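Asker: Sharing a structure with you now.
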Amino acid sequence: QKEVEQDPGPLSVPEGAIVSLNCTYSNSAFQYFMWYRQYSRKGPELLMYTYSSGNKEDGRFTAQVDKSSKYISLFIRDSQPSDSATYLCAMTRAGGTSYGKLTFGQGTILTVHP
Amino acid sequence: NAGVTQTPKFRILKIGQSMTLQCTQDMNHNYMYWYRQDPGMGLKLIYYSVGAGITDKGEVPNGYNVSRSTTEDFPLRLELAAPSQTSVYFCASSDSANEQFFGPGTRLTVL
């Protein structure tokens, strides 16, 4: 079983739709949860970051973490064609030799069409 | 600031050849990482470094070597290239566990 599983998609939605992206994980030691966005032929860039359980909102983006279910989500409201990209969830343990060593999901390819 | 820069952008190697992928960051970050990204597989950690002179293996280190003689540079060495090393390689740096800044990647094909 992979440590992090992400719905691979691909996902195609009309402009203005609400998008839901999800990851599940098996390692209860994960404490930091991130969403990266990767445009075609570019490096990933950090979109959202949360620590432990809870919600975090930034503009049209909301990240949710449910540690009891080992499940994280990213919601995109009023999706735009410029949101078309691959979205990668990532997570890491806290402290020690695991510091900063991210475990990534497989990525979900999102296309928002006008 | 240029951030994280990687060279070359593209490279084609023959089986058994060797090469070094260069990575430089100008943010004075202590932590640096090398990942490979295969289609539909996300990113997998090859090696990482917590500071000059200190490196350690990640999830998929076989066939690779690294060195960290300065804070800025973290080259990745491929010895005896194999077709299984065909991938996109990303270097990243950070000053915490929070955000890693990624370079633009090197696309490597081994034929």
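Residues are referred to by chain and number: the chain letter is A, B, ... according to the order shown in the structure tokens, the number counts from 1 in that chain, and ligands are numbered separately from 1 in the order shown.
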With a cut-off of 6 Å, could you pull out the residues of chain A touching chain B and give me the nearest pair of atoms for each, distance in Å to one decimal, using only C-alpha atoms, ordered by chain and ascending number, as CSV?

Answerer:
residue,atom,partner,partner_atom,distance
A:Lys42,CA,B:Pro104,CA,5.2
A:Gly43,CA,B:Pro104,CA,4.7
A:Tyr99,CA,B:Ala97,CA,5.9
A:Gly100,CA,B:Ala97,CA,4.2
A:Phe104,CA,B:Leu43,CA,5.8
A:Gly105,CA,B:Gly42,CA,5.6
A:Gln106,CA,B:Gly42,CA,3.9
A:Gly107,CA,B:Gly42,CA,5.7

Asker: At a cut-off of 7 Å, using only C-alpha atoms, what residues contact segment 61-67 of chain B? Leave out same-chain residues fewer than 6 positions from it and give the result as a list in words.

Answerer: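 The residues that qualify are Ile46, Tyr47, Thr55, Phe74, Pro75, Leu76, Arg77, Leu78 and Glu79 of chain B.
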
Asker: Any chance you could export the current selection's N, CA, C and O atoms as a PDB file, in the first residue's frame?

Answerer:
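The result, written out as result-v6.pdb:
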ATOM      1  N   ILE B  46      15.182  11.462  -3.914  1.00  0.00           N
ATOM      2  CA  ILE B  46      16.387  10.683  -4.222  1.00  0.00           C
ATOM      3  C   ILE B  46      17.420  10.860  -3.112  1.00  0.00           C
ATOM      4  O   ILE B  46      17.881   9.891  -2.506  1.00  0.00           O
ATOM      5  N   TYR B  47      17.806  12.102  -2.863  1.00  0.00           N
ATOM      6  CA  TYR B  47      18.759  12.453  -1.817  1.00  0.00           C
ATOM      7  C   TYR B  47      18.353  13.802  -1.247  1.00  0.00           C
ATOM      8  O   TYR B  47      17.685  14.593  -1.902  1.00  0.00           O
ATOM      9  N   THR B  55      24.774  14.914   3.784  1.00  0.00           N
ATOM     10  CA  THR B  55      23.781  14.411   2.830  1.00  0.00           C
ATOM     11  C   THR B  55      23.232  13.080   3.333  1.00  0.00           C
ATOM     12  O   THR B  55      23.871  12.408   4.152  1.00  0.00           O
ATOM     13  N   PHE B  74      24.194  21.826  -4.995  1.00  0.00           N
ATOM     14  CA  PHE B  74      23.845  20.454  -4.615  1.00  0.00           C
ATOM     15  C   PHE B  74      23.761  19.622  -5.894  1.00  0.00           C
ATOM     16  O   PHE B  74      22.677  19.298  -6.381  1.00  0.00           O
ATOM     17  N   PRO B  75      24.898  19.230  -6.469  1.00  0.00           N
ATOM     18  CA  PRO B  75      24.880  18.463  -7.716  1.00  0.00           C
ATOM     19  C   PRO B  75      24.482  17.005  -7.504  1.00  0.00           C
ATOM     20  O   PRO B  75      24.785  16.405  -6.468  1.00  0.00           O
ATOM     21  N   LEU B  76      23.812  16.459  -8.512  1.00  0.00           N
ATOM     22  CA  LEU B  76      23.394  15.051  -8.509  1.00  0.00           C
ATOM     23  C   LEU B  76      24.160  14.334  -9.608  1.00  0.00           C
ATOM     24  O   LEU B  76      24.123  14.733 -10.762  1.00  0.00           O
ATOM     25  N   ARG B  77      24.838  13.265  -9.243  1.00  0.00           N
ATOM     26  CA  ARG B  77      25.664  12.520 -10.172  1.00  0.00           C
ATOM     27  C   ARG B  77      24.979  11.214 -10.537  1.00  0.00           C
ATOM     28  O   ARG B  77      24.537  10.468  -9.648  1.00  0.00           O
ATOM     29  N   LEU B  78      24.881  10.946 -11.842  1.00  0.00           N
ATOM     30  CA  LEU B  78      24.400   9.656 -12.329  1.00  0.00           C
ATOM     31  C   LEU B  78      25.596   8.891 -12.879  1.00  0.00           C
ATOM     32  O   LEU B  78      26.300   9.376 -13.766  1.00  0.00           O
ATOM     33  N   GLU B  79      25.825   7.725 -12.343  1.00  0.00           N
ATOM     34  CA  GLU B  79      26.885   6.855 -12.831  1.00  0.00           C
ATOM     35  C   GLU B  79      26.242   5.702 -13.599  1.00  0.00           C
ATOM     36  O   GLU B  79      25.257   5.147 -13.147  1.00  0.00           O
TER      37      GLU B  79
END

Asker: Have a look at atom CA of Met34 of chain A and atom CA of Lys9 of chain B and let me know their distance in Å, one decimal.

Answerer: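 Atom CA of Lys9 of chain B lies at a distance of 26.6 Å from atom CA of Met34 of chain A.
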
Asker: Mind the document's chain letters and residue numbers, and return as a ChimeraX atom specification the residues of segment 12-111 of chain A that DSSP labels strand (DSSP E).

Answerer: /A:12-14,19-25,30-38,45-51,54-58,61-66,71-76,85-93,103-104,108-111
